[in-house]
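**Student:** I'd like to ask some things about the structure below.
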Amino acid sequence: MNDKNLITIKNLLVKRGNKVVLRVNELFIKRGEILSVVGPNGAGKSTLLLTLARLLKPNAGQILFNGNPAQKESDTAYRRKIALVMQDPLLFDLSVYKNVALGLEFRGASKSEIQEKVPLWLERLGVANLTERRAKKLSGGEAQRISLARALILEPELLLLDESFSALDPPTRANLLDDLKPLLKNNATTTLFVTHDLHEARKLATRMAIIMKNSLRQVGNANEIFEAPIDEDMAHFLGKI
Amino acid sequence: MTFPPEIFQITLLSLQISALATGISLLIGLPLGTLLALGKFWGRSFFLSIVNTGMGLPPVVVGLFVAMMLWRSGPFGDMNLIYTPTAIIIAQTVISAPVVIGLTSAALQSLDPRLRLQLYGLGASRWQMIWALWREARLPLLAALMAGFGSVISEVGASMMVGGNIRYQTRVLTTAIVLETGKGNFEIALALGVLLLLITFLVNWALTWIQQRGEE
Amino acid sequence: MKKTALLPLLILALLTACAQSASTPLILATTTSTQDSGLLDLLVPIFEEQSEYTVQTIAVGTGAALKMAEEGNADVLLVHAPSAEKVLMDAGFGRDRFLIMHNDFIFIGPSDDPAAIRSLPSAGEALVNISSAQAGFVSRGDDSGTHKKELSIWANAGLTPTWDGYIESGQGMGTTLIIASEKQAYIMTDRATYLANQDNLELEILLEGDEILLNIYHVITVNPDSWDNINYEGALAFANFMISNETQALIKDFGVDKYGQPLFFPDAHKTDAELGVE
């Protein structure tokens with residue numbers, strides 16, 4: 001068992017009906033890295049993420065979390081080690097403060113812990129001024145920062161980002177990525193970042209994984225992949241940059 | 001009839017009966033409505049259709065059905081419930097529960113289905129997820145409660161049939177209005193009608209105030 | 001050509017048909033117990049055929065029926081609350097009053113008769129027994145003719161019913177009978193409603209025949225001087241129809257085939273005094 005790997009996926013198969021929607025023979029996610037998963041729409045990237053969030057049940061295969069088979073834990077116990085940020089912020093009709101406190105409350109955190117951490121993480125994401133604002137009255141960029149704070153405050157062992165920036169306009173997106181990258185690096189947050197945007201993927205990634213036509217095709221650091229695509233399909237996809 | 005203590009007693013009884021029936025409907029309706037909205041099981045749309053039909057149950061039909069159950073000749077006759085406030089509560093619950101179930105279900109179905117995934121993705125247990133969805137849908141859920149209460153406080157057919165309109169025991173505002181109208185005491189009947197409207201208004205006002213409190 | 005000629009003709013035919021059926025309406029206010037007996041279902045169509053009037057029968061409580069006369073909302077009444085009727089006449093709201101018929105009230109109750117009223121000579125004594133046994137008793141409590149009758153008998157006996165077992169249903173006779181049966185309580189009812197509901201009741205006749213228990217029906221025409229749009233002619237025609245020999249004969253036989261005994265006894269041209277009432 002390799003100690004560096006937080007997640008080890010082996011022979012994973014996910015079907016919808018009779019159709020294979022994702023096949024991954026082998027994939028590691030190293031502790032502390034940001035793995036960007038890229039591929040065209042509908043290739044199976046989100047399926048990988050939802051499977052890792054235990055929101056989808058795989059038909060076959062093994063997922064090791066910290067070297068232990070993940071299935072041994074209950075869904076809830078497993079999910080409390082991760083945090084999910086989706087394409088839309090999906091904030092609740094509450095104050096910003098209460099939204100950010102949500103995950104801590106689910107974990108039974110004390111009130112003093114919540115009072116200490118919420119302002120800290122709002123500050124880190126540059127939105128401390130919005131604390132008492134109602135979540136419904138935020139701009140798209142603000143809302144996504146709150147959504148990120150809501151996930152990061154949990155200091156998850158694995159952060160799952162599912163197209164988390166693709167609904168934002170380019171300047172807002174660039175700003176947010178610039179702010180987020182050091183935050184993830186400094187806290188050594190293991191992150192799986194799913195996106196269809198190669199540029200965005202490369203900007204954040206430690207390593208990259210390419211999923212095409214419902215299977216994992218190539219994993220490596222960005223330069224390796226861009227310089228040595230394994231076949232023509234890959235070259236074609238990467239050439240689109 | 002013309003002196004305030006009896007009107008007070010009738011009003012209080014109406015409120016108690018309808019509030020209790022609405023409360024029981026909420027206890028039944030919230031879980032069942034949630035199950036119908038979030039659950040994935042065979043026959044779900046069939047049950048939803050039954051509930052939606054139930055939302056329009058004619059009170060007199062409910063009254064007849066409950067009366068037949070509770071009459072001494074009926075299956076539950078031994079419980080001696082016919083012509084008691086309990087009988088009215090049972091009938092009113094049958095009337096308002098489908099309203100609460102149906103509107104609860106509609107309220108939860110109108111939420112973004114991805115909220116469930118997001119809640120699980122933040123580590124919510126099943127119950128924490130449901131609780132958070134209830135909180136998110138609190139406005140339409142309170143509206144469901146108001147509709148449930150409204151459907152029974154103003155209902156007369158079932159209360160008359162299973163309660164018997166017995167003075168000091170099961171006479172409520174609506175049955176008293178029917179009685180006073182029959183007696184030709186139109187002024188009293190009208191006054192009781194205004195009282196009924198006033199109460200319905202006050203209860204809805206209170207609930208609306210709670211509902212809108214967070215909207216400032 | 002043909003089409004255009006046909007349409008106006010059709011409309012004309014329809015209008016004529018409507019006009020024929022829309023004869024002058026006559027509003028008859030009566031009590032629910034009268035309506036429930038089914039007698040009016042027999043008599044009203046005959047009257048409508050013989051006259052030019054369309055009768056709109058409104059069955060309400062006696063109180064409401066009398067109120068409808070006072071406020072000009074009815075043309076003619078068929079009611080059975082003599083003392084309240086006299087108040088109406090004295091106040092000038094009624095023009096003519098005709099004695100039509102009577103039936104009678106009876107006391108019924110559970111067969112074990114806990115207050116021992118079976119075959120007592122008078123209604124007053126029965127009430128004394130019921131009251132001292134504090135037995136269950138269901139009153140209409142709706143200001144109806146029957147309710148007023150019951151109250152007058154209590155008053156006659158010098159009693160005020162106030163114990164817990166004495167309850168007021170505030171509903172019609174049929175429903176109140178069911179309540180009494182469910183509660184196995186005593187009740188005073190008109191014979192017609194009892195006979196009609198007998199099969200659904202676990203109650204039997206315990207006392208009958210006392211003069212005080214007569215239920216006397218009058219027709220009252222509403223005074224046309226009080227209100228502009230009273231159909232007085234129709235009202236009078238209805239009253240005359242009710243006291244005619246043919247109608248009286250129909251009343252005499254009504255219900256005999258179904259219950260084996262008549263529900264009403266025709267009394268036209270008699271006086272109140274002959275029936276033993278003041």
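FYI, nothing fancy with the structure tokens labels: chains A, B, ... in order, residues from 1 per chain, ligands from 1 as they appear.
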Excluding Thr193 in chain C and any residue of its chain fewer than 2 positions from it, enumerate the residues within 8 Å of it, using only C-alpha atoms, and give them as a list in words.
**Tutor:**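 With the cut-off at 8 Å, the set is Ser33, Asp36, Ser37, Met173, Gly174, Thr189, Asp190, Arg191, Leu195, Ala196 and Asn197 of chain C.
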**Student:** Excluding Glu71 in chain C and residues on its chain fewer than 2 positions from it, collect all residues at most 9 Å away from it, counting only C-alpha atoms, and give them as a ChimeraX atom specification.
**Tutor:** /C:66-69,73-74,93,226-227
**Student:** Contacts of Gly54 in chain B at 12 Å or less, counting only C-alpha atoms, minus same-chain residues fewer than 4 places along, as a list in words?
**Tutor:** Phe47, Leu48, Ser49, Ile50, Pro58, Pro59, Val61, Val62, Thr93, Val94, Ile95, Ser96, Ala97, Pro98, Val99, Val100, Ile101, Gly102 and Leu103 of chain B
**Student:** So that each row is one residue of chain C with an atom at most 6 Å from chain B, can you give its shortest atom pair and the distance in Å to one decimal, using only C-alpha atoms, rows by chain and rising number, as JSON lines?
**Tutor:**
```
{"residue": "C:Val60", "atom": "CA", "partner": "B:Gly182", "partner_atom": "CA", "distance": 5.7}
{"residue": "C:Gly61", "atom": "CA", "partner": "B:Gly182", "partner_atom": "CA", "distance": 4.8}
{"residue": "C:Gly63", "atom": "CA", "partner": "B:Lys183", "partner_atom": "CA", "distance": 4.4}
{"residue": "C:Ala64", "atom": "CA", "partner": "B:Gly184", "partner_atom": "CA", "distance": 3.6}
{"residue": "C:Lys67", "atom": "CA", "partner": "B:Gly184", "partner_atom": "CA", "distance": 5.7}
{"residue": "C:Asp143", "atom": "CA", "partner": "B:Lys183", "partner_atom": "CA", "distance": 5.7}
{"residue": "C:Glu168", "atom": "CA", "partner": "B:Ile166", "partner_atom": "CA", "distance": 5.2}
{"residue": "C:Ser169", "atom": "CA", "partner": "B:Ile166", "partner_atom": "CA", "distance": 4.3}
{"residue": "C:Gly170", "atom": "CA", "partner": "B:Asn165", "partner_atom": "CA", "distance": 5.8}
```
**Student:** Atoms to include: N, CA, C and O atoms. Write the selected residues as a PDB file, in the first residue's frame.
**Tutor:**
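Produced file selection-v1.pdb, reproduced below:
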```
ATOM      1  N   VAL C  60     -87.085  25.289   5.795  1.00  0.00           N
ATOM      2  CA  VAL C  60     -86.160  25.838   6.794  1.00  0.00           C
ATOM      3  C   VAL C  60     -86.742  25.556   8.167  1.00  0.00           C
ATOM      4  O   VAL C  60     -87.772  24.891   8.298  1.00  0.00           O
ATOM      5  N   GLY C  61     -86.078  26.041   9.208  1.00  0.00           N
ATOM      6  CA  GLY C  61     -86.656  25.905  10.534  1.00  0.00           C
ATOM      7  C   GLY C  61     -87.874  26.808  10.662  1.00  0.00           C
ATOM      8  O   GLY C  61     -88.054  27.750   9.892  1.00  0.00           O
ATOM      9  N   GLY C  63     -88.541  29.037  12.824  1.00  0.00           N
ATOM     10  CA  GLY C  63     -88.103  30.411  13.094  1.00  0.00           C
ATOM     11  C   GLY C  63     -87.770  31.136  11.807  1.00  0.00           C
ATOM     12  O   GLY C  63     -88.212  32.263  11.574  1.00  0.00           O
ATOM     13  N   ALA C  64     -87.005  30.466  10.953  1.00  0.00           N
ATOM     14  CA  ALA C  64     -86.599  31.091   9.696  1.00  0.00           C
ATOM     15  C   ALA C  64     -87.794  31.273   8.772  1.00  0.00           C
ATOM     16  O   ALA C  64     -87.894  32.276   8.065  1.00  0.00           O
ATOM     17  N   LYS C  67     -89.642  34.227   9.891  1.00  0.00           N
ATOM     18  CA  LYS C  67     -88.837  35.403   9.561  1.00  0.00           C
ATOM     19  C   LYS C  67     -88.980  35.758   8.074  1.00  0.00           C
ATOM     20  O   LYS C  67     -89.043  36.928   7.701  1.00  0.00           O
ATOM     21  N   ASP C 143     -85.075  25.927  17.902  1.00  0.00           N
ATOM     22  CA  ASP C 143     -86.157  26.895  17.756  1.00  0.00           C
ATOM     23  C   ASP C 143     -87.203  26.443  16.751  1.00  0.00           C
ATOM     24  O   ASP C 143     -87.993  27.246  16.286  1.00  0.00           O
ATOM     25  N   GLU C 168     -78.755  19.352  23.494  1.00  0.00           N
ATOM     26  CA  GLU C 168     -79.417  20.007  22.362  1.00  0.00           C
ATOM     27  C   GLU C 168     -78.618  19.747  21.093  1.00  0.00           C
ATOM     28  O   GLU C 168     -77.435  20.044  21.019  1.00  0.00           O
ATOM     29  N   SER C 169     -79.297  19.201  20.072  1.00  0.00           N
ATOM     30  CA  SER C 169     -78.573  18.848  18.844  1.00  0.00           C
ATOM     31  C   SER C 169     -78.494  20.013  17.870  1.00  0.00           C
ATOM     32  O   SER C 169     -77.584  20.072  17.064  1.00  0.00           O
ATOM     33  N   GLY C 170     -79.465  20.911  17.952  1.00  0.00           N
ATOM     34  CA  GLY C 170     -79.451  22.012  16.991  1.00  0.00           C
ATOM     35  C   GLY C 170     -79.607  21.557  15.557  1.00  0.00           C
ATOM     36  O   GLY C 170     -79.171  22.231  14.642  1.00  0.00           O
TER      37      GLY C 170
END
```
**Student:** Please measure the separation of CA of Ala189 in chain B and CA of Ile177 in chain B, giving the value in Å to one decimal.
**Tutor:**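 Value for the CA of Ala189 in chain B-CA of Ile177 in chain B distance: 4.8 Å.
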**Student:** Taking 6 positions as the minimum chain separation for residues in the same chain, which residues sit within 10 Å of Leu195 in chain B when counting only C-alpha atoms? Answer as a PyMOL selection string.
**Tutor:** chain B and resi 7+11+173+189+201
**Student:** Which residues are near range 155-165 of chain C? Cut-off 10 Å, only C-alpha atoms, ignore same chain within fewer than 6 positions. Put them as a PyMOL selection string.
**Tutor:** chain C and resi 123-128+130-139+149+183+185-186+212
**Student:** Next, dump the selected residues to file, keeping only N, CA and C atoms, as an mmCIF file, in the first residue's frame.
**Tutor:**
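Result file again28.cif:
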```cif
data_model
loop_
_atom_site.group_PDB
_atom_site.id
_atom_site.type_symbol
_atom_site.label_atom_id
_atom_site.label_comp_id
_atom_site.auth_asym_id
_atom_site.auth_seq_id
_atom_site.Cartn_x
_atom_site.Cartn_y
_atom_site.Cartn_z
ATOM 1 N N ALA C 123 -97.848 13.507 29.140
ATOM 2 C CA ALA C 123 -96.481 13.868 28.769
ATOM 3 C C ALA C 123 -95.779 14.536 29.948
ATOM 4 N N GLY C 124 -96.526 15.333 30.709
ATOM 5 C CA GLY C 124 -95.944 16.034 31.860
ATOM 6 C C GLY C 124 -95.340 15.058 32.856
ATOM 7 N N GLU C 125 -96.099 13.985 33.162
ATOM 8 C CA GLU C 125 -95.588 13.003 34.119
ATOM 9 C C GLU C 125 -94.338 12.303 33.582
ATOM 10 N N ALA C 126 -94.325 12.066 32.281
ATOM 11 C CA ALA C 126 -93.152 11.436 31.674
ATOM 12 C C ALA C 126 -91.914 12.308 31.881
ATOM 13 N N LEU C 127 -92.096 13.609 31.674
ATOM 14 C CA LEU C 127 -90.952 14.511 31.826
ATOM 15 C C LEU C 127 -90.487 14.567 33.276
ATOM 16 N N VAL C 128 -91.452 14.497 34.219
ATOM 17 C CA VAL C 128 -91.069 14.478 35.641
ATOM 18 C C VAL C 128 -90.179 13.266 35.913
ATOM 19 N N ILE C 130 -88.381 11.474 33.738
ATOM 20 C CA ILE C 130 -87.095 11.584 33.027
ATOM 21 C C ILE C 130 -86.169 12.532 33.772
ATOM 22 N N SER C 131 -86.756 13.629 34.223
ATOM 23 C CA SER C 131 -85.960 14.636 34.915
ATOM 24 C C SER C 131 -85.434 14.109 36.248
ATOM 25 N N SER C 132 -86.298 13.387 37.020
ATOM 26 C CA SER C 132 -85.815 12.931 38.322
ATOM 27 C C SER C 132 -84.830 11.774 38.176
ATOM 28 N N ALA C 133 -84.946 11.010 37.051
ATOM 29 C CA ALA C 133 -83.957 9.949 36.818
ATOM 30 C C ALA C 133 -82.697 10.534 36.171
ATOM 31 N N GLN C 134 -82.734 11.807 35.805
ATOM 32 C CA GLN C 134 -81.642 12.461 35.076
ATOM 33 C C GLN C 134 -81.213 11.606 33.879
ATOM 34 N N ALA C 135 -82.234 11.084 33.193
ATOM 35 C CA ALA C 135 -81.952 10.194 32.068
ATOM 36 C C ALA C 135 -81.526 11.016 30.850
ATOM 37 N N GLY C 136 -80.922 10.331 29.877
ATOM 38 C CA GLY C 136 -80.526 11.012 28.657
ATOM 39 C C GLY C 136 -81.752 11.489 27.888
ATOM 40 N N PHE C 137 -81.713 12.721 27.387
ATOM 41 C CA PHE C 137 -82.816 13.277 26.612
ATOM 42 C C PHE C 137 -82.221 14.187 25.557
ATOM 43 N N VAL C 138 -82.609 13.964 24.298
ATOM 44 C CA VAL C 138 -82.063 14.810 23.237
ATOM 45 C C VAL C 138 -83.135 15.769 22.753
ATOM 46 N N SER C 139 -82.804 17.048 22.807
ATOM 47 C CA SER C 139 -83.719 18.082 22.349
ATOM 48 C C SER C 139 -83.234 18.618 21.012
ATOM 49 N N LYS C 149 -92.533 23.143 20.918
ATOM 50 C CA LYS C 149 -93.536 22.279 21.535
ATOM 51 C C LYS C 149 -92.949 21.605 22.774
ATOM 52 N N LYS C 183 -77.211 7.497 21.374
ATOM 53 C CA LYS C 183 -76.970 7.748 22.789
ATOM 54 C C LYS C 183 -77.958 6.997 23.679
ATOM 55 N N ALA C 185 -81.089 7.576 24.244
ATOM 56 C CA ALA C 185 -81.721 8.595 25.076
ATOM 57 C C ALA C 185 -83.190 8.747 24.683
ATOM 58 N N TYR C 186 -83.953 9.418 25.566
ATOM 59 C CA TYR C 186 -85.343 9.743 25.252
ATOM 60 C C TYR C 186 -85.377 10.912 24.294
ATOM 61 N N ILE C 212 -101.919 17.233 24.609
ATOM 62 C CA ILE C 212 -100.899 18.280 24.521
ATOM 63 C C ILE C 212 -99.883 17.989 23.411
#
```
**Student:** Taking the DSSP secondary structure from the backbone, can you list the residues of range 84-277 of chain C that are strand (DSSP E or B), as a ChimeraX atom specification?
**Tutor:** /C:94-109,137-139,166-168,186-190,204-207,214-222,265-266
**Student:** Once DSSP has gone over the backbone, tell me which residues of chain B are in alpha helix (DSSP H), as a PyMOL selection string.
**Tutor:** chain B and resi 4-38+44-54+59-70+85-109+114-121+126-136+138-153+157-158+173-183+186-213
**Student:** Give me the residues of chain A that have any atom at most 6 Å from an atom of chain B; for each, the nearest atom pair and the distance in Å, rounded to one decimal. Use only C-alpha atoms, sort by chain and number, and format it as JSON lines.
**Tutor:**
```
{"residue": "A:Thr76", "atom": "CA", "partner": "B:Ser125", "partner_atom": "CA", "distance": 5.5}
{"residue": "A:Arg79", "atom": "CA", "partner": "B:Gly123", "partner_atom": "CA", "distance": 5.1}
{"residue": "A:Arg80", "atom": "CA", "partner": "B:Gly123", "partner_atom": "CA", "distance": 4.5}
{"residue": "A:Ala83", "atom": "CA", "partner": "B:Leu122", "partner_atom": "CA", "distance": 5.3}
{"residue": "A:Leu84", "atom": "CA", "partner": "B:Gly121", "partner_atom": "CA", "distance": 4.9}
{"residue": "A:Gly103", "atom": "CA", "partner": "B:Leu122", "partner_atom": "CA", "distance": 5.2}
{"residue": "A:Phe106", "atom": "CA", "partner": "B:Ala124", "partner_atom": "CA", "distance": 5.5}
```
**Student:** Write the residues you've just listed into a file as an mmCIF file, in the first residue's frame, and include N, CA, C and O atoms for each of them.
**Tutor:**
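So the final result, stored in out30.cif, reads:
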```cif
data_model
loop_
_atom_site.group_PDB
_atom_site.id
_atom_site.type_symbol
_atom_site.label_atom_id
_atom_site.label_comp_id
_atom_site.auth_asym_id
_atom_site.auth_seq_id
_atom_site.Cartn_x
_atom_site.Cartn_y
_atom_site.Cartn_z
ATOM 1 N N THR A 76 -22.612 8.174 5.269
ATOM 2 C CA THR A 76 -22.478 9.452 5.968
ATOM 3 C C THR A 76 -21.072 9.601 6.552
ATOM 4 O O THR A 76 -20.444 10.653 6.396
ATOM 5 N N ARG A 79 -18.764 10.354 3.703
ATOM 6 C CA ARG A 79 -18.941 11.684 3.109
ATOM 7 C C ARG A 79 -18.419 12.787 4.023
ATOM 8 O O ARG A 79 -18.142 13.889 3.565
ATOM 9 N N ARG A 80 -18.334 12.509 5.337
ATOM 10 C CA ARG A 80 -17.846 13.556 6.232
ATOM 11 C C ARG A 80 -16.334 13.745 6.129
ATOM 12 O O ARG A 80 -15.771 14.616 6.773
ATOM 13 N N ALA A 83 -15.713 16.969 0.791
ATOM 14 C CA ALA A 83 -16.615 18.111 0.631
ATOM 15 C C ALA A 83 -16.788 18.345 -0.855
ATOM 16 O O ALA A 83 -15.861 18.103 -1.642
ATOM 17 N N LEU A 84 -17.988 18.800 -1.225
ATOM 18 C CA LEU A 84 -18.352 18.890 -2.632
ATOM 19 C C LEU A 84 -18.749 20.325 -2.992
ATOM 20 O O LEU A 84 -19.518 20.962 -2.288
ATOM 21 N N GLY A 103 -22.061 22.555 7.126
ATOM 22 C CA GLY A 103 -21.343 21.281 7.200
ATOM 23 C C GLY A 103 -20.818 21.001 8.604
ATOM 24 O O GLY A 103 -20.820 19.850 9.065
ATOM 25 N N PHE A 106 -23.636 19.748 10.641
ATOM 26 C CA PHE A 106 -23.918 18.337 10.348
ATOM 27 C C PHE A 106 -22.966 17.429 11.121
ATOM 28 O O PHE A 106 -23.330 16.330 11.529
#
```
**Student:** Set the distance at 7 Å and use only C-alpha atoms: which residues neighbour Phe65 in chain A once local chain neighbours fewer than 2 positions away are removed? I'd like the list as a list of chain:residue names.
**Tutor:**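 Result of the neighbour search: A:Leu6, A:Ile7, A:Thr8, A:Ile63, A:Gly67, A:Asn68, A:Pro69, A:Ala70.
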**Student:** Skip Glu163 in chain A itself and residues of its chain fewer than 3 positions away, then list as a list in words all residues within 9 Å of it, counting only C-alpha atoms.
**Tutor:**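 Using only C-alpha atoms, the neighbours found are Ser46, Val85, Met86, Gln87, Asp88, Ser166, Ala167, Phe193, Val194, Thr195, His196 and Asp197 of chain A.
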**Student:** Please, what distance in Å, to one decimal, runs between CA of Trp209 in chain B and CA of Ala147 in chain B?
**Tutor:** 15.4 Å
**Student:** Please compute the CA of Glu182 in chain C-CA of Ile17 in chain B distance, one decimal, in Å.
**Tutor:**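 Answer for the CA of Glu182 in chain C to CA of Ile17 in chain B separation: 22.0 Å.
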